[in-house]
$ cat structure.cif   # mmCIF, C-alpha atoms
data_target
#
loop_
_atom_site.label_atom_id
_atom_site.label_comp_id
_atom_site.auth_asym_id
_atom_site.auth_seq_id
_atom_site.Cartn_x
_atom_site.Cartn_y
_atom_site.Cartn_z
CA MET A 1 6.83 193.24 -41.39
CA ALA A 2 3.63 194.76 -42.72
CA ILE A 3 0.61 192.44 -42.66
CA TRP A 4 -2.36 193.57 -44.76
CA ARG A 5 -3.78 196.76 -43.17
CA PHE A 6 -2.68 196.15 -39.58
CA GLU A 7 -0.84 198.97 -37.88
CA GLU A 8 2.88 198.57 -37.23
CA SER A 9 4.34 199.93 -34.01
CA GLY A 10 6.70 202.86 -34.41
CA VAL A 11 5.44 203.78 -37.89
CA ASP A 12 4.18 207.32 -38.51
CA TYR A 13 1.13 207.15 -40.79
CA GLY A 14 0.57 210.89 -40.78
CA GLN A 15 -2.33 212.88 -39.43
CA LEU A 16 -5.14 210.81 -37.91
CA LEU A 17 -8.48 211.64 -39.50
CA SER A 18 -11.56 212.06 -37.35
CA GLY A 19 -15.17 211.63 -38.39
CA THR A 20 -18.73 212.15 -37.24
CA TYR A 21 -21.81 209.95 -37.35
CA SER A 22 -25.42 210.71 -38.14
CA VAL A 23 -27.14 209.01 -35.19
CA PRO A 24 -30.52 208.50 -36.97
CA VAL A 25 -28.79 206.74 -39.89
CA VAL A 26 -26.76 204.60 -37.46
CA LEU A 27 -29.99 203.57 -35.71
CA LEU A 28 -31.52 202.79 -39.10
CA SER A 29 -28.59 200.50 -39.90
CA VAL A 30 -29.07 198.62 -36.60
CA LEU A 31 -32.81 198.31 -37.29
CA ILE A 32 -32.03 196.79 -40.70
CA ALA A 33 -29.78 194.21 -39.01
CA CYS A 34 -32.47 193.37 -36.43
CA VAL A 35 -35.15 192.89 -39.10
CA ALA A 36 -32.79 190.68 -41.12
CA GLY A 37 -32.02 188.63 -38.00
CA PHE A 38 -35.73 188.22 -37.19
CA THR A 39 -36.46 187.12 -40.76
CA ALA A 40 -33.59 184.62 -40.81
CA LEU A 41 -34.56 183.08 -37.46
CA THR A 42 -38.19 182.84 -38.60
CA VAL A 43 -37.02 181.05 -41.74
CA ALA A 44 -35.03 178.64 -39.56
CA ASP A 45 -38.32 177.69 -37.88
CA ARG A 46 -39.98 177.26 -41.27
CA ILE A 47 -37.19 174.97 -42.49
CA ASN A 48 -37.70 172.76 -39.42
CA ASN A 49 -41.37 172.37 -40.28
CA VAL A 50 -40.89 171.45 -43.95
CA ASN A 51 -40.33 167.82 -44.94
CA ASN A 52 -39.98 168.32 -48.69
CA LEU A 53 -36.27 168.51 -49.52
CA LYS A 54 -36.70 170.99 -52.38
CA MET A 55 -38.80 173.29 -50.22
CA ARG A 56 -36.21 173.10 -47.43
CA TYR A 57 -33.49 174.21 -49.83
CA LEU A 58 -35.74 176.96 -51.16
CA TRP A 59 -36.37 178.32 -47.66
CA LEU A 60 -32.67 177.94 -46.84
CA SER A 61 -31.73 179.96 -49.93
CA LEU A 62 -34.29 182.65 -49.15
CA GLY A 63 -33.23 182.88 -45.51
CA ALA A 64 -29.51 183.01 -46.30
CA THR A 65 -30.05 185.66 -48.95
CA THR A 66 -32.20 187.75 -46.61
CA MET A 67 -29.71 187.53 -43.74
CA GLY A 68 -26.74 188.12 -46.03
CA LEU A 69 -28.32 191.15 -47.65
CA GLY A 70 -29.31 192.42 -44.20
CA ILE A 71 -25.68 192.24 -43.02
CA TRP A 72 -24.56 193.93 -46.24
CA ALA A 73 -27.23 196.67 -46.07
CA MET A 74 -26.45 197.33 -42.41
CA HIS A 75 -22.77 197.87 -43.21
CA PHE A 76 -23.23 200.29 -46.08
CA THR A 77 -26.08 202.15 -44.38
CA GLY A 78 -23.76 202.56 -41.40
CA MET A 79 -21.02 203.81 -43.73
CA LEU A 80 -23.41 206.43 -45.15
CA ALA A 81 -23.83 207.67 -41.57
CA PHE A 82 -20.08 208.31 -41.30
CA SER A 83 -18.54 211.55 -42.53
CA MET A 84 -14.85 212.46 -42.59
CA GLY A 85 -15.17 215.74 -44.46
CA MET A 86 -13.62 214.40 -47.67
CA PRO A 87 -14.96 212.68 -50.79
CA ILE A 88 -15.41 208.90 -50.50
CA ASN A 89 -16.40 206.64 -53.37
CA TYR A 90 -16.90 202.88 -53.53
CA SER A 91 -15.65 200.23 -55.93
CA ILE A 92 -18.80 198.61 -57.33
CA PRO A 93 -17.22 195.15 -57.97
CA ILE A 94 -15.79 194.93 -54.42
CA THR A 95 -19.05 196.24 -52.96
CA ILE A 96 -20.96 193.46 -54.74
CA LEU A 97 -18.31 190.88 -53.81
CA SER A 98 -18.66 191.75 -50.11
CA VAL A 99 -22.20 190.32 -49.97
CA VAL A 100 -21.01 186.82 -50.99
CA PRO A 101 -19.45 185.74 -47.65
CA ALA A 102 -22.47 187.15 -45.81
CA ILE A 103 -24.87 184.96 -47.81
CA LEU A 104 -22.64 181.85 -47.68
CA GLY A 105 -22.02 182.14 -43.93
CA SER A 106 -25.73 182.70 -43.30
CA ALA A 107 -26.53 179.60 -45.37
CA VAL A 108 -24.17 177.47 -43.27
CA ALA A 109 -25.67 178.81 -40.05
CA LEU A 110 -29.29 178.28 -41.17
CA HIS A 111 -28.46 174.77 -42.34
CA LEU A 112 -27.08 173.93 -38.91
CA LEU A 113 -30.07 175.58 -37.21
CA SER A 114 -32.50 173.40 -39.17
CA ALA A 115 -31.75 170.50 -36.80
CA PRO A 116 -34.51 169.34 -34.39
CA TYR A 117 -32.35 170.34 -31.42
CA VAL A 118 -29.67 173.02 -31.18
CA ASN A 119 -27.18 172.00 -28.51
CA TRP A 120 -24.24 174.04 -27.18
CA ARG A 121 -21.78 172.70 -29.78
CA ARG A 122 -24.11 173.43 -32.69
CA ASN A 123 -24.84 176.85 -31.22
CA GLN A 124 -21.12 177.70 -31.13
CA ILE A 125 -20.52 176.48 -34.68
CA CYS A 126 -23.46 178.56 -35.93
CA ALA A 127 -22.25 181.60 -33.99
CA LEU A 128 -18.74 181.17 -35.39
CA SER A 129 -20.13 180.89 -38.91
CA LEU A 130 -22.15 184.07 -38.44
CA ALA A 131 -19.27 185.97 -36.83
CA THR A 132 -16.95 184.93 -39.66
CA CYS A 133 -19.40 185.97 -42.38
CA ILE A 134 -20.18 189.26 -40.60
CA GLY A 135 -16.48 190.05 -40.26
CA ALA A 136 -15.64 189.02 -43.82
CA MET A 137 -18.49 191.11 -45.21
CA HIS A 138 -17.54 194.17 -43.18
CA PHE A 139 -13.82 194.11 -43.92
CA ILE A 140 -14.25 193.28 -47.61
CA GLY A 141 -16.79 196.10 -47.72
CA MET A 142 -14.19 198.44 -46.23
CA GLU A 143 -11.82 197.50 -49.07
CA ALA A 144 -14.38 198.99 -51.47
CA MET A 145 -13.69 202.49 -50.10
CA LEU A 146 -11.88 204.80 -52.52
CA MET A 147 -10.50 207.85 -50.72
CA PRO A 148 -7.36 210.01 -50.49
CA SER A 149 -6.21 208.48 -47.21
CA LEU A 150 -4.67 205.32 -45.73
CA LEU A 151 -6.83 202.71 -44.00
CA LYS A 152 -5.23 200.84 -41.08
CA TYR A 153 -6.57 198.51 -38.37
CA ASP A 154 -5.58 198.00 -34.75
CA PRO A 155 -5.13 194.19 -34.44
CA PHE A 156 -6.66 194.16 -30.93
CA TYR A 157 -9.90 195.83 -32.02
CA PHE A 158 -9.97 193.79 -35.23
CA ILE A 159 -10.02 190.53 -33.22
CA LEU A 160 -12.33 192.01 -30.59
CA SER A 161 -14.92 192.91 -33.24
CA ILE A 162 -15.10 189.28 -34.43
CA LEU A 163 -15.22 188.01 -30.84
CA ILE A 164 -18.10 190.34 -29.95
CA ALA A 165 -20.02 189.23 -33.05
CA HIS A 166 -19.50 185.59 -32.03
CA VAL A 167 -20.59 186.07 -28.41
CA LEU A 168 -23.70 188.08 -29.31
CA ALA A 169 -24.69 185.65 -32.07
CA SER A 170 -24.30 182.79 -29.58
CA ILE A 171 -26.51 184.60 -27.05
CA ALA A 172 -29.11 185.37 -29.74
CA LEU A 173 -29.28 181.71 -30.76
CA TYR A 174 -29.52 180.58 -27.15
CA ILE A 175 -32.43 182.95 -26.53
CA LYS A 176 -34.12 181.73 -29.70
CA PHE A 177 -33.83 177.99 -29.09
CA VAL A 178 -33.99 177.58 -25.31
CA ASN A 179 -37.26 176.10 -24.04
CA TYR A 180 -38.91 178.60 -21.73
CA SER A 181 -41.98 177.93 -19.61
CA SER A 182 -45.18 178.59 -21.56
CA THR A 183 -46.13 181.20 -18.94
CA SER A 184 -42.81 183.06 -19.14
CA LEU A 185 -42.71 186.52 -20.71
CA LEU A 186 -39.49 185.46 -22.43
CA LYS A 187 -41.46 182.73 -24.22
CA LYS A 188 -43.77 185.35 -25.69
CA TYR A 189 -41.03 187.74 -26.80
CA GLN A 190 -38.06 185.43 -27.33
CA ASP A 191 -38.10 185.79 -31.14
CA TYR A 192 -37.98 189.58 -30.88
CA ILE A 193 -35.31 189.61 -28.17
CA SER A 194 -33.22 187.13 -30.14
CA ALA A 195 -33.54 189.25 -33.30
CA ILE A 196 -32.45 192.39 -31.43
CA VAL A 197 -29.37 190.63 -30.02
CA MET A 198 -28.62 189.22 -33.49
CA GLY A 199 -28.90 192.73 -34.92
CA CYS A 200 -26.42 193.94 -32.30
CA SER A 201 -24.10 191.10 -33.29
CA VAL A 202 -24.12 192.29 -36.88
CA SER A 203 -23.73 195.94 -35.87
#
$ encode --input "structure.cif" --output "structure tokens"
Amino acid sequence: MAIWRFEESGVDYGQLLSGTYSVPVVLLSVLIACVAGFTALTVADRINNVNNLKMRYLWLSLGATTMGLGIWAMHFTGMLAFSMGMPINYSIPITILSVVPAILGSAVALHLLSAPYVNWRRNQICALSLATCIGAMHFIGMEAMLMPSLLKYDPFYFILSILIAHVLASIALYIKFVNYSSTSLLKKYQDYISAIVMGCSVS
């Protein structure tokens, strides 16, 4: 029984297409994700320091939009780096729709991160929210592709991609919110390290 775009064993889908990547554009896409992660985590700090409810919601909206757009921009910049030697177009409505789960998931995560203390349970819920929104954005974004070929997914790698996003997001949040010694080098660079790991989670 066929389920969405998952491959079925024993089915011949024809010739497997191969593609190439532009490494500089791939690196640019990862940089975009890292900058978005740094901005979102900085906004999480700002939310914690604001007592006015309206200002908290304003910062939450700005942070979620920034992170969501960063996830979205990373995906489509990465797609521009990929070439299969055939024309590929994108459905504009689906492309726009794909940013919605990224923004909503980022909003949930930032809301949870605005607590005075981020424990293990809250960390995991935030990481799950981010992994879900990253995955939803990416796979909805893939649905926007218009091309003369068939798109199929290996279920193992599909699940693995979400799991990796979750684990890396969890590590990024741990690095961001753990209390290091004031003399530790990690204390000085923890925001940057956390943003890099978060960018890798998105990528």
$ residues_around --input "structure.cif" --residues "Met84 in chain A" --least-positions-apart "4" --cutoff "8 Å" --atoms "all atoms listed in the file" --output "list in words"
Leu17, Ser18, Gly19 and Thr20 of chain A
$ resolve_selection --input "structure.cif" --expression "the PyMOL selection byres ((chain A and resi 158-168) around 7)" --output "list in words"
Ala127, Leu128, Ala131, Gly135, Tyr153, Asp154, Pro155, Phe156, Tyr157, Ala169, Ser170, Ile171, Ala172, Val197, Met198, Ser201 and Val202 of chain A
$ resolve_selection --input "structure.cif" --expression "the PyMOL selection byres ((chain A and resi 136) around 12)" --output "tab-separated table (two decimals) with C-alpha atoms, in the frame of the given file"
chain	number	residue	atom	x	y	z
A	68	GLY	CA	-26.74	188.12	-46.03
A	71	ILE	CA	-25.68	192.24	-43.02
A	72	TRP	CA	-24.56	193.93	-46.24
A	75	HIS	CA	-22.77	197.87	-43.21
A	97	LEU	CA	-18.31	190.88	-53.81
A	98	SER	CA	-18.66	191.75	-50.11
A	99	VAL	CA	-22.20	190.32	-49.97
A	100	VAL	CA	-21.01	186.82	-50.99
A	101	PRO	CA	-19.45	185.74	-47.65
A	102	ALA	CA	-22.47	187.15	-45.81
A	103	ILE	CA	-24.87	184.96	-47.81
A	104	LEU	CA	-22.64	181.85	-47.68
A	105	GLY	CA	-22.02	182.14	-43.93
A	106	SER	CA	-25.73	182.70	-43.30
A	128	LEU	CA	-18.74	181.17	-35.39
A	129	SER	CA	-20.13	180.89	-38.91
A	130	LEU	CA	-22.15	184.07	-38.44
A	131	ALA	CA	-19.27	185.97	-36.83
A	132	THR	CA	-16.95	184.93	-39.66
A	133	CYS	CA	-19.40	185.97	-42.38
A	134	ILE	CA	-20.18	189.26	-40.60
A	135	GLY	CA	-16.48	190.05	-40.26
A	137	MET	CA	-18.49	191.11	-45.21
A	138	HIS	CA	-17.54	194.17	-43.18
A	139	PHE	CA	-13.82	194.11	-43.92
A	140	ILE	CA	-14.25	193.28	-47.61
A	141	GLY	CA	-16.79	196.10	-47.72
A	142	MET	CA	-14.19	198.44	-46.23
A	143	GLU	CA	-11.82	197.50	-49.07
A	158	PHE	CA	-9.97	193.79	-35.23
A	161	SER	CA	-14.92	192.91	-33.24
A	162	ILE	CA	-15.10	189.28	-34.43
A	165	ALA	CA	-20.02	189.23	-33.05
A	202	VAL	CA	-24.12	192.29	-36.88
$ closest_residue --input "structure.cif" --among "A:Asn52, A:Ile175, A:Ile96, A:Trp120" --to "Lys188 in chain A" --atoms "all atoms listed in the file"
A:Ile175
$ resolve_selection --input "structure.cif" --expression "the PyMOL selection byres ((chain A and resi 87) around 10)" --output "list of chain:residue names"
A:Ser83, A:Met84, A:Gly85, A:Met86, A:Ile88, A:Asn89, A:Leu146, A:Met147, A:Pro148
$ write_last_selection --input "structure.cif" --atoms "C-alpha atoms" --output "compact mmCIF listing (two decimals), in the coordinates of the input"
# COMPACT_ATOMS: atom_id res chain seq x y z
CA SER A 83 -18.54 211.55 -42.53
CA MET A 84 -14.85 212.46 -42.59
CA GLY A 85 -15.17 215.74 -44.46
CA MET A 86 -13.62 214.40 -47.67
CA ILE A 88 -15.41 208.90 -50.50
CA ASN A 89 -16.40 206.64 -53.37
CA LEU A 146 -11.88 204.80 -52.52
CA MET A 147 -10.50 207.85 -50.72
CA PRO A 148 -7.36 210.01 -50.49
$ atom_distance --input "structure.cif" --atom1 "CA of Leu62 in chain A" --atom2 "CA of Gln190 in chain A"
22.3 Å
$ closest_residue --input "structure.cif" --among "A:Tyr13, A:Trp59, A:Phe76, A:Trp4" --to "Ser203 in chain A" --atoms "only C-alpha atoms"
A:Phe76
$ atom_distance --input "structure.cif" --atom1 "CA of Ser194 in chain A" --atom2 "CA of Gly37 in chain A"
8.1 Å
$ residues_around --input "structure.cif" --residues "Ala107 in chain A" --least-positions-apart "5" --cutoff "9 Å" --atoms "all atoms listed in the file" --output "CSV table (one decimal) with C-alpha atoms, in the frame of the given file"
chain,number,residue,atom,x,y,z
A,60,LEU,CA,-32.7,177.9,-46.8
A,61,SER,CA,-31.7,180.0,-49.9
A,63,GLY,CA,-33.2,182.9,-45.5
A,64,ALA,CA,-29.5,183.0,-46.3
A,65,THR,CA,-30.0,185.7,-49.0
A,67,MET,CA,-29.7,187.5,-43.7
A,68,GLY,CA,-26.7,188.1,-46.0
A,102,ALA,CA,-22.5,187.2,-45.8
A,112,LEU,CA,-27.1,173.9,-38.9
$ atom_distance --input "structure.cif" --atom1 "CA of Lys176 in chain A" --atom2 "CA of Ile193 in chain A"
8.1 Å
$ closest_residue --input "structure.cif" --among "A:Leu69, A:Val50, A:Val118, A:Leu58" --to "Ala36 in chain A" --atoms "only C-alpha atoms"
A:Leu69
$ closest_residue --input "structure.cif" --among "A:Lys54, A:Arg121, A:His111, A:Lys152" --to "Val11 in chain A" --atoms "all atoms listed in the file"
A:Lys152
$ closest_residue --input "structure.cif" --among "A:Gly14, A:Gly70, A:Tyr189, A:Ser149" --to "Thr39 in chain A" --atoms "only C-alpha atoms"
A:Gly70
$ closest_residue --input "structure.cif" --among "A:Ile125, A:Ala81, A:Gly199, A:Gly10" --to "Val30 in chain A" --atoms "only C-alpha atoms"
A:Gly199
$ build_atoms --input "structure.cif" --residues "range 26-37 of chain A" --atoms "all heavy atoms" --output "CSV table (one decimal), keeping the file's coordinate frame"
chain,number,residue,atom,x,y,z
A,26,VAL,N,-27.3,205.7,-38.2
A,26,VAL,CA,-26.8,204.6,-37.5
A,26,VAL,C,-27.9,203.7,-36.9
A,26,VAL,O,-27.8,202.5,-37.0
A,26,VAL,CB,-25.8,205.1,-36.3
A,26,VAL,CG1,-25.4,203.9,-35.4
A,26,VAL,CG2,-24.6,205.8,-36.9
A,27,LEU,N,-28.9,204.3,-36.3
A,27,LEU,CA,-30.0,203.6,-35.7
A,27,LEU,C,-30.8,202.8,-36.8
A,27,LEU,O,-31.2,201.7,-36.6
A,27,LEU,CB,-30.9,204.5,-34.9
A,27,LEU,CG,-30.3,205.1,-33.7
A,27,LEU,CD1,-31.3,206.1,-33.0
A,27,LEU,CD2,-29.9,204.1,-32.7
A,28,LEU,N,-30.9,203.5,-38.0
A,28,LEU,CA,-31.5,202.8,-39.1
A,28,LEU,C,-30.8,201.5,-39.5
A,28,LEU,O,-31.3,200.5,-39.8
A,28,LEU,CB,-31.6,203.7,-40.3
A,28,LEU,CG,-32.2,203.1,-41.6
A,28,LEU,CD1,-33.6,202.6,-41.4
A,28,LEU,CD2,-32.1,204.2,-42.7
A,29,SER,N,-29.4,201.6,-39.5
A,29,SER,CA,-28.6,200.5,-39.9
A,29,SER,C,-28.8,199.3,-38.9
A,29,SER,O,-28.8,198.2,-39.3
A,29,SER,CB,-27.1,200.9,-40.0
A,29,SER,OG,-26.5,201.1,-38.7
A,30,VAL,N,-28.9,199.7,-37.6
A,30,VAL,CA,-29.1,198.6,-36.6
A,30,VAL,C,-30.5,198.0,-36.8
A,30,VAL,O,-30.6,196.8,-36.6
A,30,VAL,CB,-28.9,199.2,-35.2
A,30,VAL,CG1,-29.2,198.2,-34.1
A,30,VAL,CG2,-27.5,199.8,-35.0
A,31,LEU,N,-31.5,198.8,-37.1
A,31,LEU,CA,-32.8,198.3,-37.3
A,31,LEU,C,-32.8,197.3,-38.5
A,31,LEU,O,-33.5,196.3,-38.4
A,31,LEU,CB,-33.8,199.5,-37.6
A,31,LEU,CG,-35.2,199.1,-37.8
A,31,LEU,CD1,-35.8,198.4,-36.7
A,31,LEU,CD2,-36.0,200.3,-38.2
A,32,ILE,N,-32.1,197.7,-39.5
A,32,ILE,CA,-32.0,196.8,-40.7
A,32,ILE,C,-31.5,195.4,-40.3
A,32,ILE,O,-32.0,194.4,-40.7
A,32,ILE,CB,-31.2,197.4,-41.8
A,32,ILE,CG1,-31.9,198.6,-42.4
A,32,ILE,CG2,-30.8,196.4,-42.9
A,32,ILE,CD1,-31.0,199.5,-43.3
A,33,ALA,N,-30.4,195.5,-39.5
A,33,ALA,CA,-29.8,194.2,-39.0
A,33,ALA,C,-30.7,193.4,-38.1
A,33,ALA,O,-30.8,192.2,-38.3
A,33,ALA,CB,-28.5,194.5,-38.2
A,34,CYS,N,-31.5,194.1,-37.3
A,34,CYS,CA,-32.5,193.4,-36.4
A,34,CYS,C,-33.6,192.7,-37.2
A,34,CYS,O,-34.0,191.6,-37.0
A,34,CYS,CB,-33.1,194.3,-35.4
A,34,CYS,SG,-31.9,194.9,-34.2
A,35,VAL,N,-34.1,193.4,-38.2
A,35,VAL,CA,-35.2,192.9,-39.1
A,35,VAL,C,-34.6,191.7,-39.9
A,35,VAL,O,-35.3,190.7,-40.0
A,35,VAL,CB,-35.7,194.0,-40.1
A,35,VAL,CG1,-36.6,193.4,-41.1
A,35,VAL,CG2,-36.4,195.1,-39.3
A,36,ALA,N,-33.4,191.8,-40.4
A,36,ALA,CA,-32.8,190.7,-41.1
A,36,ALA,C,-32.6,189.5,-40.2
A,36,ALA,O,-32.9,188.3,-40.6
A,36,ALA,CB,-31.4,191.1,-41.7
A,37,GLY,N,-32.2,189.7,-39.0
A,37,GLY,CA,-32.0,188.6,-38.0
A,37,GLY,C,-33.4,188.0,-37.7
A,37,GLY,O,-33.4,186.7,-37.6
